[in-house]
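Step one of this worksheet: look at the structure below.
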Amino acid sequence: MEFDPQELSAIDDPYPVFDELRKNHPVFYGAERDLWVVSRYEDVRAVLLDAETFASGMGTVPTGFVAIKPMMISRDPPYHTKLRGAVHPTFTPRRMRALEEFIRKVTRELLAAIDPEAETDLVGALTDPLPVAVITELLGVGIEDRVKFSENAGAVIHAAAGDGPSAEEGIHWIYAYLERVLALREKQPGDDLVSRLLHPEPDETRLTADEVVGFCALLLMAGTETTTNGLGNALVLLHEHPDVRRQLAQRPEGLSVAIEELLRLESPVPGLSRVTTRDVEIRGVKIPKGARVHMLFAAANRDEGAFPNADTLDPDRSPNAHLAFSLGIHFCLGASLARAELRIALEELLARFPDYRIVSDRWVRLRSDAARGFSFLPCVARP
């Protein structure tokens with residue numbers, strides 16, 4: 001069967017396309033994008049774990065990122081090791097648990113502001129402001145600046161994915177703001193992530209100002225946009241599976257396991273790219289040195305070879321070694337925080353509005369093949 005590379009951009013329901021790729025074109029070369037697409041679970045996992053052959057260097061950074069500062073996502077060892085080692089102490093599960101009280105407080109405030117009888121856009125009312133509030137609290141950013149941060153972070157993500165104008169204005173606004181925060185925290189440290197990075201413990205690595213700004217900018221963009229999309233996708237899946245929603249509303253202790261399944265079925269980041277450092281062969285297909293290889297997480301996460309009944313939502317699926325948070329040295333540093341936000345948000349929403357109804361004929365999906373989510377999600381909390 002001839003495969004049309006334009007189908008890679010299917011937005012509303014890309015999964016039939018991903019199935020075709022995985023089954024019949026597991027290593028596919030798209031000439032128009034000059035991109036090798038890998039879609040089977042075993043192969044995607046192997047690429048993620050081979051950082052020497054599949055590099056994350058500057059060749060993988062979208063052109064929308066102008067004058068980019070050092071970010072882990074675009075660096076390889078040993079520099080990546082230095083950056084990750086320096087920031088890892090700020091992302092331990094213990095420290096993330098300490099944020100849970102704040103996450104619950106913000107979630108309750110946002111839900112209390114929803115008129116249960118009126119139609120509400122859940123993106124504007126919940127899925128966007130919650131992650132922004134959490135990340136800016138972590139960074140020590142003033143509450144009055146959260147909306148501006150959200151606007152610029154979203155603009156950068158979508159521009160870099162080719163879905164908007166240049167990311168230059170947004171990224172420079174973020175950089176300039178963070179540089180002002182750094183100058184203040186250098187003199188007056190507080191109990192926030194920026195202060196901890198600027199004033200590490202004696203046995204910890206001290207980062208340069210540019211490295212701190214780069215990390216905080218990455219955290220702001222990746223930590224808000226992906227969690228927004230993950231939560232929106234979860235709400236839609238539970239709307240489409242009312243039996244599972246009722247089960248979780250009655251037994252919220254099952255949410256921790258169910259969240260992994262929701263992330264597997266609708267991965268907020270459908271895939272990421274690497275660049276080959278040498279000629280390599282996957283499934284008998286030769287890929288040259290310097291080629292871009294795209295790991296299609298969303299296809300791998302529905303591979304029947306790894307997940308029986310892969311298209312079925314099984315809230316009790318265990319084990320569930322999905323790739324929504326990547327794997328290997330670039331495993332998502334904020335995964336525990338994202339999981340906490342999803343769990344607490346769903347706990348609180350299902351307790352308050354267990355029968356919410358999403359107006360599915362009017363929702364608006366992100367027009368991006370680099371992010372899976374919604375820009376508008378109309379909902380009636382108490383139909």
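Naming works like this for the structure tokens: A, B, ... for the chains as they're shown, residue 1 at the start of each chain, ligands 1 onward in shown order.
All residues of protein, DNA or RNA that reach within 10 Å of Ala118 in chain A, judged by only C-alpha atoms and not counting those fewer than 5 positions away in the chain, are Pro378, Cys379, Val380, Ala381, Arg382 and Pro383 of chain A.
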Taking 2 positions as the minimum chain separation for residues in the same chain, which residues sit within 10 Å of Pro315 in chain A when counting only C-alpha atoms? Answer as a PDB file with N, CA and C atoms, in the first residue's frame.
```
ATOM      1  N   VAL A 244     -16.049   4.076  32.990  1.00  0.00           N
ATOM      2  CA  VAL A 244     -14.759   4.259  33.664  1.00  0.00           C
ATOM      3  C   VAL A 244     -14.804   5.487  34.561  1.00  0.00           C
ATOM      4  N   ARG A 245     -15.457   6.549  34.084  1.00  0.00           N
ATOM      5  CA  ARG A 245     -15.559   7.775  34.879  1.00  0.00           C
ATOM      6  C   ARG A 245     -16.312   7.509  36.182  1.00  0.00           C
ATOM      7  N   GLN A 247     -16.609   4.677  37.723  1.00  0.00           N
ATOM      8  CA  GLN A 247     -15.747   3.825  38.548  1.00  0.00           C
ATOM      9  C   GLN A 247     -14.724   4.655  39.313  1.00  0.00           C
ATOM     10  N   LEU A 248     -14.100   5.609  38.624  1.00  0.00           N
ATOM     11  CA  LEU A 248     -13.063   6.425  39.251  1.00  0.00           C
ATOM     12  C   LEU A 248     -13.656   7.454  40.214  1.00  0.00           C
ATOM     13  N   GLY A 254      -8.119   4.648  42.584  1.00  0.00           N
ATOM     14  CA  GLY A 254      -7.680   4.008  41.351  1.00  0.00           C
ATOM     15  C   GLY A 254      -7.122   4.964  40.319  1.00  0.00           C
ATOM     16  N   LEU A 255      -7.132   6.252  40.619  1.00  0.00           N
ATOM     17  CA  LEU A 255      -6.705   7.243  39.631  1.00  0.00           C
ATOM     18  C   LEU A 255      -5.219   7.142  39.287  1.00  0.00           C
ATOM     19  N   SER A 256      -4.384   6.804  40.241  1.00  0.00           N
ATOM     20  CA  SER A 256      -2.945   6.751  39.964  1.00  0.00           C
ATOM     21  C   SER A 256      -2.631   5.766  38.846  1.00  0.00           C
ATOM     22  N   VAL A 257      -3.302   4.609  38.858  1.00  0.00           N
ATOM     23  CA  VAL A 257      -3.099   3.612  37.800  1.00  0.00           C
ATOM     24  C   VAL A 257      -3.802   4.056  36.524  1.00  0.00           C
ATOM     25  N   ALA A 258      -5.009   4.595  36.644  1.00  0.00           N
ATOM     26  CA  ALA A 258      -5.785   5.000  35.470  1.00  0.00           C
ATOM     27  C   ALA A 258      -5.103   6.122  34.695  1.00  0.00           C
ATOM     28  N   ILE A 259      -4.419   7.012  35.388  1.00  0.00           N
ATOM     29  CA  ILE A 259      -3.755   8.132  34.719  1.00  0.00           C
ATOM     30  C   ILE A 259      -2.702   7.630  33.737  1.00  0.00           C
ATOM     31  N   GLU A 260      -2.002   6.570  34.086  1.00  0.00           N
ATOM     32  CA  GLU A 260      -1.008   6.023  33.171  1.00  0.00           C
ATOM     33  C   GLU A 260      -1.673   5.545  31.881  1.00  0.00           C
ATOM     34  N   GLU A 261      -2.854   4.979  32.006  1.00  0.00           N
ATOM     35  CA  GLU A 261      -3.583   4.513  30.834  1.00  0.00           C
ATOM     36  C   GLU A 261      -4.103   5.680  29.997  1.00  0.00           C
ATOM     37  N   LEU A 262      -4.554   6.729  30.652  1.00  0.00           N
ATOM     38  CA  LEU A 262      -5.022   7.916  29.927  1.00  0.00           C
ATOM     39  C   LEU A 262      -3.875   8.557  29.149  1.00  0.00           C
ATOM     40  N   THR A 312      -8.080  -0.029  23.595  1.00  0.00           N
ATOM     41  CA  THR A 312      -9.098  -0.075  24.640  1.00  0.00           C
ATOM     42  C   THR A 312      -8.597   0.631  25.897  1.00  0.00           C
ATOM     43  N   LEU A 313      -9.467   1.447  26.495  1.00  0.00           N
ATOM     44  CA  LEU A 313      -9.132   2.106  27.753  1.00  0.00           C
ATOM     45  C   LEU A 313      -9.356   1.127  28.905  1.00  0.00           C
ATOM     46  N   ARG A 317      -4.984  -1.279  33.847  1.00  0.00           N
ATOM     47  CA  ARG A 317      -3.863  -1.880  33.123  1.00  0.00           C
ATOM     48  C   ARG A 317      -2.570  -1.746  33.933  1.00  0.00           C
ATOM     49  N   SER A 318      -1.946  -2.863  34.155  1.00  0.00           N
ATOM     50  CA  SER A 318      -0.681  -2.888  34.889  1.00  0.00           C
ATOM     51  C   SER A 318       0.042  -4.202  34.576  1.00  0.00           C
TER      52      SER A 318
END
```
If you count only C-alpha atoms, which residues fall within 9 Å of range 287-303 of chain A, apart from same-chain ones fewer than 2 positions away, as a ChimeraX atom specification? /A:15,17-19,21-22,34-45,47-48,54,59-60,264-282,285,305-311,321-324,326
Residues flagged helix (DSSP H, G or I) by DSSP in range 178-351 of chain A, as a PyMOL selection string: chain A and resi 178-187+193-198+209-240+242-250+252-265+297-300+328-330+335-351
Just want the 10 Å neighbourhood of Leu111 in chain A, counted on only C-alpha atoms, with same-chain residues fewer than 3 positions away dropped. Output as a list in words.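 With the cut-off at 10 Å, the set is Val106, Thr107, Arg108, Ile114, Asp115, Pro116, Leu122, Ala125, Leu126, Ala345, Glu348, Leu349, Arg352, Phe353 and Ala381 of chain A.
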Between A:Arg104, A:Glu168, A:Gly284, A:Lys148, which is the closest to Phe28 in chain A once you count only C-alpha atoms? A:Gly284
Separation of CA of Val147 in chain A from CA of Leu366 in chain A in Å: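 For CA of Leu366 in chain A relative to CA of Val147 in chain A, the distance reads 19.2 Å.
Using only C-alpha atoms, the smallest distance between any of A:Arg180, A:Arg339, A:Arg84, A:Arg372 and Pro131 in chain A comes from A:Arg339.
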Mind listing the strand (DSSP E or B) residues of range 109-334 of chain A, per DSSP on the backbone, as a PyMOL selection string? chain A and resi 119-121+271-276+280-282+285-287+292-296
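Between CA of Ala351 in chain A and CA of Ile143 in chain A lies a distance of 27.0 Å.
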Give me, please, the distance in Å between CA of Asp12 in chain A and CA of Ser360 in chain A, quoted to one decimal.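 Calculated distance between CA of Asp12 in chain A and CA of Ser360 in chain A is 11.9 Å.
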Using only C-alpha atoms, determine which residues lie at most 9 Å from Lys69 in chain A, disregarding the query and same-chain residues fewer than 5 positions distant; provide the list as JSON, numbers by chain. {"A": [175, 210, 211, 213, 214, 215, 217]}
Next, write the just-selected residues to a file, as a PDB file, in the first residue's frame, keeping N, CA and C atoms as the atom set.
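Once everything was written out, this is part_19.pdb:
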```pdb
ATOM      1  N   TYR A 175      12.778  35.049  28.448  1.00  0.00           N
ATOM      2  CA  TYR A 175      14.163  35.190  28.883  1.00  0.00           C
ATOM      3  C   TYR A 175      14.350  36.482  29.696  1.00  0.00           C
ATOM      4  N   ASP A 210      22.821  31.870  32.446  1.00  0.00           N
ATOM      5  CA  ASP A 210      22.180  31.443  31.201  1.00  0.00           C
ATOM      6  C   ASP A 210      21.600  30.037  31.336  1.00  0.00           C
ATOM      7  N   GLU A 211      22.315  29.160  32.037  1.00  0.00           N
ATOM      8  CA  GLU A 211      21.825  27.798  32.214  1.00  0.00           C
ATOM      9  C   GLU A 211      20.574  27.760  33.086  1.00  0.00           C
ATOM     10  N   VAL A 213      18.385  30.273  33.390  1.00  0.00           N
ATOM     11  CA  VAL A 213      17.314  30.835  32.568  1.00  0.00           C
ATOM     12  C   VAL A 213      16.815  29.808  31.560  1.00  0.00           C
ATOM     13  N   GLY A 214      17.743  29.102  30.901  1.00  0.00           N
ATOM     14  CA  GLY A 214      17.353  28.094  29.923  1.00  0.00           C
ATOM     15  C   GLY A 214      16.522  26.987  30.543  1.00  0.00           C
ATOM     16  N   PHE A 215      16.923  26.523  31.729  1.00  0.00           N
ATOM     17  CA  PHE A 215      16.166  25.462  32.379  1.00  0.00           C
ATOM     18  C   PHE A 215      14.775  25.956  32.787  1.00  0.00           C
ATOM     19  N   ALA A 217      13.033  28.382  31.521  1.00  0.00           N
ATOM     20  CA  ALA A 217      12.213  28.594  30.327  1.00  0.00           C
ATOM     21  C   ALA A 217      11.677  27.273  29.796  1.00  0.00           C
TER      22      ALA A 217
END
```
Have a look at A:His199, A:Val194, A:Asp369, A:Gly334 and name the one nearest to Pro14 in chain A; count only C-alpha atoms. A:Asp369
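Using only C-alpha atoms, the smallest distance between any of A:Arg365, A:Ala370, A:Tyr79, A:Thr90 and Asp13 in chain A comes from A:Arg365.
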